[in-house]
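Structure file target-v7.pdb (PDB, C-alpha atoms) is printed below.
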```pdb
ATOM      1  CA  MET A1028       0.000   0.000   0.000
ATOM      2  CA  LEU A1029       2.845   2.386   0.720
ATOM      3  CA  ALA A1030       4.324   1.622  -2.672
ATOM      4  CA  ASN A1031       1.078   2.597  -4.389
ATOM      5  CA  LEU A1032       0.964   5.910  -2.437
ATOM      6  CA  ALA A1033       4.542   6.789  -3.390
ATOM      7  CA  LYS A1034       3.797   6.056  -7.058
ATOM      8  CA  ALA A1035       0.703   8.270  -6.987
ATOM      9  CA  THR A1036       2.667  11.123  -5.446
ATOM     10  CA  THR A1037       5.355  10.881  -8.159
ATOM     11  CA  ASP A1038       2.718  10.962 -10.903
ATOM     12  CA  VAL A1039       1.115  14.107  -9.418
ATOM     13  CA  ARG A1040       4.482  15.893  -9.300
ATOM     14  CA  LYS A1041       5.193  15.040 -12.952
ATOM     15  CA  ASP A1042       1.742  16.289 -13.949
ATOM     16  CA  LEU A1043       2.231  19.600 -12.109
ATOM     17  CA  LYS A1044       5.683  20.099 -13.617
ATOM     18  CA  SER A1045       4.394  19.556 -17.158
ATOM     19  CA  HIS A1046       1.668  22.212 -16.695
ATOM     20  CA  SER A1047       3.859  24.846 -15.028
ATOM     21  CA  THR A1048       4.044  28.311 -16.764
ATOM     22  CA  PRO A1049       7.430  28.917 -18.480
ATOM     23  CA  THR A1050       9.509  31.846 -17.255
ATOM     24  CA  ALA A1051       9.321  34.812 -19.612
ATOM     25  CA  HIS A1052      12.731  36.133 -20.814
ATOM     26  CA  PRO A1053      13.080  39.694 -22.086
ATOM     27  CA  ALA A1054      13.559  39.856 -25.834
ATOM     28  CA  LYS A1055      16.944  41.017 -27.043
ATOM     29  CA  PRO A1056      16.823  44.249 -28.963
ATOM     30  CA  SER A1057      17.358  43.917 -32.673
ATOM     31  CA  THR A1058      20.724  45.089 -33.920
ATOM     32  CA  ALA A1059      18.972  46.753 -36.836
ATOM     33  CA  SER A1060      17.206  49.214 -34.511
ATOM     34  CA  ILE A1061      20.459  50.375 -32.817
ATOM     35  CA  ARG A1062      22.079  53.346 -34.516
ATOM     36  CA  VAL A1063      25.830  53.385 -34.231
ATOM     37  CA  PRO A1064      27.293  56.929 -34.515
ATOM     38  CA  ALA A1065      29.476  57.400 -37.554
ATOM     39  CA  PRO A1066      33.198  57.732 -36.763
ATOM     40  CA  PRO A1067      34.677  61.207 -37.180
ATOM     41  CA  PRO A1068      36.501  61.837 -40.458
ATOM     42  CA  THR A1069      40.172  61.019 -40.398
ATOM     43  CA  TYR A1070      42.959  63.473 -41.170
ATOM     44  CA  ALA A1071      43.557  61.765 -44.519
ATOM     45  CA  ALA A1072      39.895  62.196 -45.464
ATOM     46  CA  LYS A1073      40.011  65.867 -44.554
ATOM     47  CA  ALA A1074      43.187  66.371 -46.528
ATOM     48  CA  ALA A1075      41.637  64.666 -49.555
ATOM     49  CA  THR A1076      38.690  67.075 -49.525
ATOM     50  CA  PRO A1077      39.176  69.560 -52.364
ATOM     51  CA  GLN A1078      39.920  73.063 -51.174
ATOM     52  CA  ARG A1079      37.958  76.072 -52.348
ATOM     53  CA  PRO A1080      39.569  77.947 -55.223
ATOM     54  CA  SER A1081      41.380  81.135 -54.264
ATOM     55  CA  VAL A1082      43.362  83.933 -55.880
ATOM     56  CA  VAL A1083      46.217  86.162 -54.761
ATOM     57  CA  VAL A1084      45.968  89.926 -55.304
ATOM     58  CA  GLU A1085      49.340  91.665 -55.550
ATOM     59  CA  ALA A1086      48.566  94.757 -53.461
ATOM     60  CA  THR A1087      52.019  95.716 -52.156
ATOM     61  CA  ALA A1088      52.042  98.866 -54.318
ATOM     62  CA  TYR A1089      49.211 100.410 -52.268
ATOM     63  CA  THR A1090      49.919 102.443 -49.133
ATOM     64  CA  TRP A1091      47.273 102.894 -46.479
ATOM     65  CA  PRO A1092      46.705 105.717 -43.978
ATOM     66  CA  ASP A1093      48.094 104.750 -40.575
ATOM     67  CA  ASN A1094      48.727 101.255 -42.035
ATOM     68  CA  LYS A1095      44.989 100.552 -41.742
ATOM     69  CA  ARG A1096      44.106  98.326 -44.662
ATOM     70  CA  PRO A1097      40.497  97.490 -45.628
ATOM     71  CA  SER A1098      38.968  94.744 -43.522
ATOM     72  CA  PRO A1099      38.295  91.317 -45.090
ATOM     73  CA  SER A1100      34.535  91.705 -44.589
ATOM     74  CA  ASP A1101      34.517  95.038 -46.465
ATOM     75  CA  ILE A1102      36.576  93.543 -49.306
ATOM     76  CA  CYS A1103      34.204  90.586 -49.734
ATOM     77  CA  ALA A1104      31.158  92.874 -49.648
ATOM     78  CA  THR A1105      32.688  95.177 -52.285
ATOM     79  CA  ILE A1106      33.571  92.316 -54.647
ATOM     80  CA  ASN A1107      30.219  90.541 -54.238
ATOM     81  CA  ALA A1108      28.338  93.778 -54.925
ATOM     82  CA  ALA A1109      30.361  94.321 -58.098
ATOM     83  CA  LEU A1110      29.773  90.733 -59.225
ATOM     84  CA  ASP A1111      26.025  91.063 -58.734
ATOM     85  CA  HIS A1112      25.950  93.949 -61.245
ATOM     86  CA  THR A1113      28.436  92.767 -63.863
ATOM     87  CA  ASN A1114      28.947  89.014 -63.696
ATOM     88  CA  PRO A1115      26.122  86.693 -64.823
ATOM     89  CA  THR A1116      27.660  83.577 -63.200
ATOM     90  CA  PRO A1117      26.863  82.777 -59.547
ATOM     91  CA  VAL A1118      30.365  83.597 -58.324
ATOM     92  CA  ARG A1119      30.636  84.657 -54.702
ATOM     93  CA  MET A1120      33.498  85.448 -52.339
ATOM     94  CA  SER A1121      33.531  83.856 -48.885
ATOM     95  CA  ALA A1122      36.676  85.169 -47.185
ATOM     96  CA  ALA A1123      39.775  87.318 -47.595
ATOM     97  CA  LYS A1124      43.080  87.564 -45.750
ATOM     98  CA  TRP A1125      46.042  89.928 -45.831
ATOM     99  CA  THR A1126      49.460  88.289 -45.969
ATOM    100  CA  ALA A1127      52.584  89.416 -44.150
ATOM    101  CA  LYS A1128      54.000  90.796 -47.407
ATOM    102  CA  GLY A1129      50.966  93.001 -48.008
ATOM    103  CA  ASN A1130      49.236  90.846 -50.627
ATOM    104  CA  LEU A1131      45.617  89.744 -50.442
ATOM    105  CA  VAL A1132      44.230  86.198 -50.673
ATOM    106  CA  ILE A1133      40.542  85.794 -51.619
ATOM    107  CA  TRP A1134      38.572  82.514 -51.417
ATOM    108  CA  GLY A1135      35.590  81.635 -53.572
ATOM    109  CA  GLY A1136      32.170  80.657 -52.263
ATOM    110  CA  THR A1137      30.751  77.187 -51.668
ATOM    111  CA  ASN A1138      29.424  76.655 -55.199
ATOM    112  CA  THR A1139      32.189  78.562 -56.995
ATOM    113  CA  THR A1140      34.395  76.464 -59.248
ATOM    114  CA  ALA A1141      37.933  77.233 -60.314
ATOM    115  CA  HIS A1142      36.755  77.896 -63.890
ATOM    116  CA  GLN A1143      34.109  80.364 -62.716
ATOM    117  CA  LEU A1144      36.672  82.102 -60.541
ATOM    118  CA  THR A1145      39.041  82.450 -63.501
ATOM    119  CA  THR A1146      36.268  83.940 -65.642
ATOM    120  CA  ALA A1147      35.473  86.524 -62.970
ATOM    121  CA  LEU A1148      39.056  87.706 -62.397
ATOM    122  CA  PRO A1149      38.707  90.844 -64.594
ATOM    123  CA  HIS A1150      35.696  91.939 -62.548
ATOM    124  CA  PHE A1151      37.687  91.372 -59.355
ATOM    125  CA  SER A1152      40.495  93.550 -60.605
ATOM    126  CA  GLU A1153      38.218  96.439 -61.609
ATOM    127  CA  ALA A1154      36.276  96.356 -58.346
ATOM    128  CA  LEU A1155      39.432  96.273 -56.212
ATOM    129  CA  GLN A1156      41.096  99.056 -58.188
ATOM    130  CA  THR A1157      38.069 101.360 -57.711
ATOM    131  CA  SER A1158      37.730 100.527 -54.020
ATOM    132  CA  PHE A1159      41.431 100.599 -53.120
ATOM    133  CA  SER A1160      42.167 103.806 -55.030
ATOM    134  CA  SER A1161      39.502 105.675 -53.050
ATOM    135  CA  MET A1162      40.846 104.452 -49.696
ATOM    136  CA  ALA A1163      44.628 104.286 -50.162
ATOM    137  CA  GLU A1164      47.057 107.149 -49.690
ATOM    138  CA  SER A1165      48.814 106.189 -52.916
ATOM    139  CA  ALA A1166      47.790 103.682 -55.582
ATOM    140  CA  PRO A1167      49.262 102.525 -58.901
ATOM    141  CA  GLN A1168      47.655 103.619 -62.165
ATOM    142  CA  SER A1169      47.042 100.052 -63.358
ATOM    143  CA  PRO A1170      44.694  97.569 -61.637
ATOM    144  CA  PRO A1171      46.273  95.007 -59.292
ATOM    145  CA  ILE A1172      47.552  91.738 -60.737
ATOM    146  CA  LEU A1173      45.583  88.631 -59.777
ATOM    147  CA  ARG A1174      46.931  85.097 -59.961
ATOM    148  CA  HIS A1175      45.707  81.724 -58.813
ATOM    149  CA  ASN A1176      46.676  80.723 -55.307
ATOM    150  CA  VAL A1177      48.631  77.520 -55.923
ATOM    151  CA  LYS A1178      50.388  75.526 -53.222
ATOM    152  CA  TRP A1179      54.143  76.058 -53.094
ATOM    153  CA  THR A1180      56.907  73.734 -52.007
ATOM    154  CA  LYS A1181      60.268  74.810 -50.644
ATOM    155  CA  LEU A1182      63.405  72.681 -50.855
ATOM    156  CA  ARG A1183      67.005  73.063 -49.803
ATOM    157  CA  PHE A1184      69.991  72.454 -52.099
ATOM    158  CA  ASN A1185      73.144  71.657 -50.131
ATOM    159  CA  ALA A1186      76.857  71.746 -51.005
ATOM    160  CA  VAL A1187      76.510  74.485 -53.604
ATOM    161  CA  PRO A1188      79.697  76.442 -54.414
ATOM    162  CA  THR A1189      79.130  80.113 -53.671
ATOM    163  CA  GLY A1190      81.521  81.356 -56.360
ATOM    164  CA  LYS A1191      82.988  83.821 -53.869
ATOM    165  CA  THR A1192      86.582  84.864 -54.595
ATOM    166  CA  ASN A1193      88.805  87.745 -53.636
ATOM    167  CA  THR A1194      87.639  89.629 -56.738
ATOM    168  CA  ARG A1195      83.953  88.705 -57.107
ATOM    169  CA  LYS A1196      80.847  88.263 -54.989
ATOM    170  CA  ALA A1197      78.767  85.118 -54.515
ATOM    171  CA  TYR A1198      76.506  83.941 -57.336
ATOM    172  CA  MET A1199      73.309  85.947 -57.791
ATOM    173  CA  PRO A1200      69.883  84.180 -57.826
ATOM    174  CA  ASP A1201      69.625  84.521 -61.615
ATOM    175  CA  GLU A1202      73.058  82.911 -62.061
ATOM    176  CA  ALA A1203      72.197  79.988 -59.787
ATOM    177  CA  HIS A1204      68.823  79.518 -61.494
ATOM    178  CA  LYS A1205      70.403  79.457 -64.960
ATOM    179  CA  ALA A1206      73.126  77.002 -63.891
ATOM    180  CA  LEU A1207      70.564  74.599 -62.400
ATOM    181  CA  ALA A1208      68.248  74.829 -65.416
ATOM    182  CA  ASN A1209      71.072  74.079 -67.878
ATOM    183  CA  GLU A1210      72.063  70.806 -66.213
ATOM    184  CA  ASN A1211      68.852  69.378 -64.723
ATOM    185  CA  PRO A1212      65.682  68.633 -66.762
ATOM    186  CA  ALA A1213      63.740  67.934 -63.551
ATOM    187  CA  TYR A1214      64.533  71.448 -62.324
ATOM    188  CA  THR A1215      63.700  72.998 -65.721
ATOM    189  CA  ALA A1216      60.189  71.508 -65.561
ATOM    190  CA  LEU A1217      59.403  73.394 -62.325
ATOM    191  CA  ILE A1218      57.351  76.572 -62.183
ATOM    192  CA  ILE A1219      59.689  78.606 -59.986
ATOM    193  CA  THR A1220      58.085  81.079 -57.601
ATOM    194  CA  GLN A1221      61.266  82.043 -55.732
ATOM    195  CA  LYS A1222      64.607  81.715 -57.474
ATOM    196  CA  PRO A1223      67.515  80.054 -55.641
ATOM    197  CA  SER A1224      68.554  82.205 -52.706
ATOM    198  CA  TRP A1225      71.403  81.742 -50.235
ATOM    199  CA  VAL A1226      70.331  80.720 -46.759
ATOM    200  CA  ARG A1227      72.888  83.143 -45.276
ATOM    201  CA  ASP A1228      73.992  86.654 -46.037
ATOM    202  CA  PRO A1229      76.237  86.152 -49.121
ATOM    203  CA  THR A1230      78.569  88.921 -47.967
ATOM    204  CA  THR A1231      79.649  86.736 -45.024
ATOM    205  CA  TYR A1232      80.964  83.881 -47.193
ATOM    206  CA  LEU A1233      84.704  83.300 -47.442
ATOM    207  CA  PRO A1234      86.440  82.719 -50.799
ATOM    208  CA  GLY A1235      85.902  79.164 -52.057
ATOM    209  CA  ALA A1236      83.126  78.418 -49.545
ATOM    210  CA  THR A1237      80.087  76.207 -50.192
ATOM    211  CA  SER A1238      76.632  76.812 -48.778
ATOM    212  CA  SER A1239      72.940  76.013 -49.302
ATOM    213  CA  LEU A1240      70.224  77.476 -51.522
ATOM    214  CA  SER A1241      66.479  77.614 -50.887
ATOM    215  CA  VAL A1242      64.113  77.268 -53.852
ATOM    216  CA  SER A1243      60.302  77.592 -54.009
ATOM    217  CA  PHE A1244      58.058  76.349 -56.815
ATOM    218  CA  GLU A1245      54.433  75.542 -57.560
ATOM    219  CA  ASP A1246      53.536  72.052 -56.382
ATOM    220  CA  PRO A1247      49.765  71.544 -56.019
ATOM    221  CA  ASP A1248      49.886  67.815 -55.269
ATOM    222  CA  GLY A1249      53.459  67.465 -54.003
ATOM    223  CA  THR A1250      54.654  65.269 -56.880
ATOM    224  CA  SER A1251      57.314  67.726 -58.078
ATOM    225  CA  ALA A1252      59.015  67.753 -54.691
ATOM    226  CA  GLN A1253      58.843  63.955 -54.480
ATOM    227  CA  THR A1254      60.526  63.675 -57.892
ATOM    228  CA  LEU A1255      63.460  65.857 -56.852
ATOM    229  CA  LEU A1256      63.819  64.133 -53.490
ATOM    230  CA  ARG A1257      63.798  60.739 -55.190
ATOM    231  CA  HIS A1258      66.614  61.820 -57.521
ATOM    232  CA  ARG A1259      68.500  63.147 -54.460
ATOM    233  CA  THR A1260      71.125  64.993 -56.503
ATOM    234  CA  LEU A1261      71.366  67.871 -58.968
ATOM    235  CA  TYR A1262      74.310  69.340 -60.859
ATOM    236  CA  ALA A1263      75.531  72.932 -61.167
ATOM    237  CA  PHE A1264      78.824  74.819 -61.297
ATOM    238  CA  GLY A1265      80.653  71.532 -61.846
ATOM    239  CA  HIS A1266      79.538  70.115 -58.482
ATOM    240  CA  VAL A1267      77.096  67.475 -57.250
ATOM    241  CA  ILE A1268      74.337  69.097 -55.170
ATOM    242  CA  THR A1269      72.158  67.209 -52.679
ATOM    243  CA  VAL A1270      68.406  67.874 -52.407
ATOM    244  CA  LYS A1271      66.834  67.986 -48.940
ATOM    245  CA  ARG A1272      63.526  68.970 -47.451
ATOM    246  CA  TRP A1273      63.321  72.480 -46.106
ATOM    247  CA  LYS A1274      63.144  72.632 -42.328
ATOM    248  CA  GLN A1275      62.210  75.932 -40.778
ATOM    249  CA  SER A1276      64.613  76.729 -37.963
ATOM    250  CA  PRO A1277      62.988  77.877 -34.721
ATOM    251  CA  PRO A1278      63.677  81.482 -33.748
ATOM    252  CA  LYS A1279      66.682  81.957 -31.514
ATOM    253  CA  ARG A1280      65.950  82.982 -27.952
ATOM    254  CA  ALA A1281      67.809  85.946 -26.585
ATOM    255  CA  ARG A1282      70.126  85.032 -23.753
ATOM    256  CA  LYS A1283      69.337  86.623 -20.441
ATOM    257  CA  THR A1284      72.195  88.683 -19.035
ATOM    258  CA  PRO A1285      72.780  87.740 -15.390
ATOM    259  CA  ALA A1286      72.457  90.558 -12.906
ATOM    260  CA  PRO A1287      75.831  91.902 -11.687
ATOM    261  CA  CYS A1288      76.904  90.817  -8.245
ATOM    262  CA  THR A1289      76.876  93.632  -5.711
ATOM    263  CA  THR A1290      79.266  93.710  -2.746
ATOM    264  CA  PRO A1291      78.296  95.249   0.573
ATOM    265  CA  THR A1292      79.745  98.695   1.269
ATOM    266  CA  THR A1293      79.318  98.683   5.049
ATOM    267  CA  PRO A1294      82.609  97.897   6.816
ATOM    268  CA  GLY A1295      82.531  94.627   8.663
ATOM    269  CA  VAL A1296      83.243  90.958   8.390
ATOM    270  CA  ASN A1297      81.848  90.641   4.831
ATOM    271  CA  ASN A1298      83.770  93.694   3.656
ATOM    272  CA  PRO A1299      87.407  93.337   4.791
ATOM    273  CA  GLY A1300      88.419  96.347   2.779
ATOM    274  CA  GLY A1301      86.240  98.671   4.847
ATOM    275  CA  GLU A1302      87.798 101.247   7.067
ATOM    276  CA  GLY A1303      87.901 100.994  10.839
ATOM    277  CA  PRO A1304      88.706  98.179  13.235
ATOM    278  CA  GLN A1305      87.365  94.745  12.416
ATOM    279  CA  PRO A1306      85.443  92.970  15.179
ATOM    280  CA  THR A1307      87.120  89.848  16.545
ATOM    281  CA  VAL A1308      86.916  87.588  19.559
ATOM    282  CA  TYR A1309      90.576  86.566  19.589
ATOM    283  CA  ASN A1310      93.860  88.245  20.490
ATOM    284  CA  ALA A1311      97.307  87.107  21.579
ATOM    285  CA  HIS A1312      96.161  86.452  25.131
ATOM    286  CA  GLY A1313      92.928  84.613  24.513
ATOM    287  CA  PHE A1314      89.315  85.741  24.372
ATOM    288  CA  SER A1315      88.946  89.503  24.531
ATOM    289  CA  SER A1316      87.536  92.518  22.675
ATOM    290  CA  PRO A1317      89.505  95.440  21.228
ATOM    291  CA  GLN A1318      88.301  97.901  23.901
ATOM    292  CA  ARG A1319      88.279  96.071  27.239
ATOM    293  CA  PRO A1320      89.091  92.647  28.637
ATOM    294  CA  ALA A1321      86.299  90.203  28.438
ATOM    295  CA  GLN A1322      84.590  89.540  31.731
ATOM    296  CA  LEU A1323      84.809  85.772  31.617
ATOM    297  CA  ALA A1324      84.792  84.056  34.968
ATOM    298  CA  PHE A1325      83.168  80.739  34.630
ATOM    299  CA  HIS A1326      84.441  77.579  36.338
ATOM    300  CA  GLY A1327      87.136  79.597  38.060
ATOM    301  CA  PHE A1328      88.740  80.768  34.799
ATOM    302  CA  ARG A1329      89.832  84.375  34.591
ATOM    303  CA  PRO A1330      91.630  85.768  31.511
ATOM    304  CA  PRO A1331      95.133  87.122  32.163
ATOM    305  CA  THR A1332      95.598  90.838  32.279
ATOM    306  CA  SER A1333      98.310  92.624  30.321
TER     307      SER A1333
END
```

Represent the supplied structure as structure tokens.
Amino acid sequence: MLANLAKATTDVRKDLKSHSTPTAHPAKPSTASIRVPAPPPTYAAKAATPQRPSVVVEATAYTWPDNKRPSPSDICATINAALDHTNPTPVRMSAAKWTAKGNLVIWGGTNTTAHQLTTALPHFSEALQTSFSSMAESAPQSPPILRHNVKWTKLRFNAVPTGKTNTRKAYMPDEAHKALANENPAYTALIITQKPSWVRDPTTYLPGATSSLSVSFEDPDGTSAQTLLRHRTLYAFGHVITVKRWKQSPPKRARKTPAPCTTPTTPGVNNPGGEGPQPTVYNAHGFSSPQRPAQLAFHGFRPPTS
């Protein structure tokens, strides 16, 4: 009878377990509904983005009252107003900047292409000439020259003979440019923006010395510089010249002059050259002072009297 009761109990437990409600588990969110933020653009992607077209205005011939040149915002407003009246293409100017040499760089608008900017250059020149002439203290008779703002590259040519002798000066930039162009097709193909110039004052060179030249040229994508650096050498004045990247030297810091040391002028221990008696606690007989015997009487000791 006990066996039958145990069997019945086991059957009831199995029946209850089979009818128990399953535990509900929260559904995992779908990966499609999760928005992952896009990574920020890399430096290479930013560098690959085409830059807005720009032009350089040669404005060094203008002089301004109190060196106050027109502000970039006024320049852009003047040019855009002139373009609205004379130029049918949607060319706009976005920004302007004065350079350290006194030239002006102007950037085109968002939808302005390089071709449109080239077409509008005559209108730029006329508008700037009218505006600048009315504001400048002195202005040239002809409109300013405008040219495309193309990226430059600067290289250094080392081990170049200066040509300095006891009777002649160092080679001039035109002489160095001609010598390099005659011997190097890779150099001849460059669009030079700054002819070879000595990195030091040529008047400081000694006879027979060699030095370095700096050269600048148009290089929009950097391939011209890579070609010269890959060749490594050029030839001029009968010498082999090495090509190196230009490294701008940091400005030299002025050395601080140390403050002069001052000596005390009051006579005493620190100024032995002072006049008058020097204080001391010793003499030929022991402890004493220059005026009177010291009154020392401790432990039965009494200084001798003279």

query = What separation in Å, quoted to one decimal, exists between CA of Leu1155 (chain A) and CA of Asn1138 (chain A)?
reply =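 Separation of CA of Leu1155 (chain A) and CA of Asn1138 (chain A): 22.0 Å.
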
query = When distances are computed from only C-alpha atoms, which of A:Ala1252, A:Met1120, A:Ala1104, A:Asn1211 shows the smallest separation from Gln1143 (chain A)?
reply =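 Once distances to Gln1143 (chain A) are computed over only C-alpha atoms, the minimum belongs to A:Met1120.
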
inquiry  = To one decimal place in Å, what is the distance between CA of Thr1189 (chain A) and CA of His1258 (chain A)?
reply    =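 If I compute the distance from CA of Thr1189 (chain A) to CA of His1258 (chain A), I get 22.5 Å.
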
request  = Give as a ChimeraX atom specification the residues that the PyMOL selection byres ((chain A and resi 1238-1244) around 8) matches when applied to the coordinates above.
outcome  = /A:1179-1189,1217-1226,1236-1237,1245-1246,1273

request  = Take the PyMOL selection byres ((chain A and resi 1121) around 8), apply it to the structure above, and return the hits as an MDAnalysis selection string.
outcome  = chainID A and resid 1103 1119:1120 1122:1123 1133:1137

Box for region 1234-1238 of chain A - axis-aligned, 6 Å on each of the six sides, all listed atoms - centre and size in Å to one decimal, as lines of an AutoDock Vina configuration file.
```
center_x = 81.5
center_y = 79.5
center_z = -50.4
size_x = 21.8
size_y = 18.5
size_z = 15.3
```

query = Please, what distance in Å, to one decimal, runs between CA of Glu1164 (chain A) and CA of Leu1144 (chain A)?
reply = 29.2 Å

query = Pick from A:Ala1216, A:Val1267, A:Val1177, A:Ala1141: nearest to Pro1247 (chain A), with all atoms listed in the file counted?
reply = A:Val1177

ask   = Which is closest to Thr1113 (chain A) among A:Arg1096, A:His1150, A:Lys1128, A:Arg1079, if we use only C-alpha atoms?
value = A:His1150

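In this comparison, which uses all atoms listed in the file, the residue of A:His1142, A:Leu1233, A:Pro1200, A:Asp1248 approaching His1175 (chain A) most closely is A:His1142.
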
inquiry  = Report as a ChimeraX atom specification all protein, DNA and RNA residues lying within 9 Å of Ala1166 (chain A), evaluated on only C-alpha atoms, omitting residues in the same chain fewer than 2 positions from it.
reply    = /A:1088-1090,1156,1159-1161,1163-1164,1168-1169

inquiry  = So, with all atoms listed in the file as the atoms that count, which of A:Ala1263, A:Leu1148, A:Ala1154, A:Ile1102 lies closest to Val1082 (chain A)?
reply    = A:Leu1148

task = Go through A:Thr1126, A:Ser1081, A:Ser1152, A:Ser1098 and flag the residue nearest Leu1110 (chain A), using only C-alpha atoms for the distances.
result = A:Ser1152
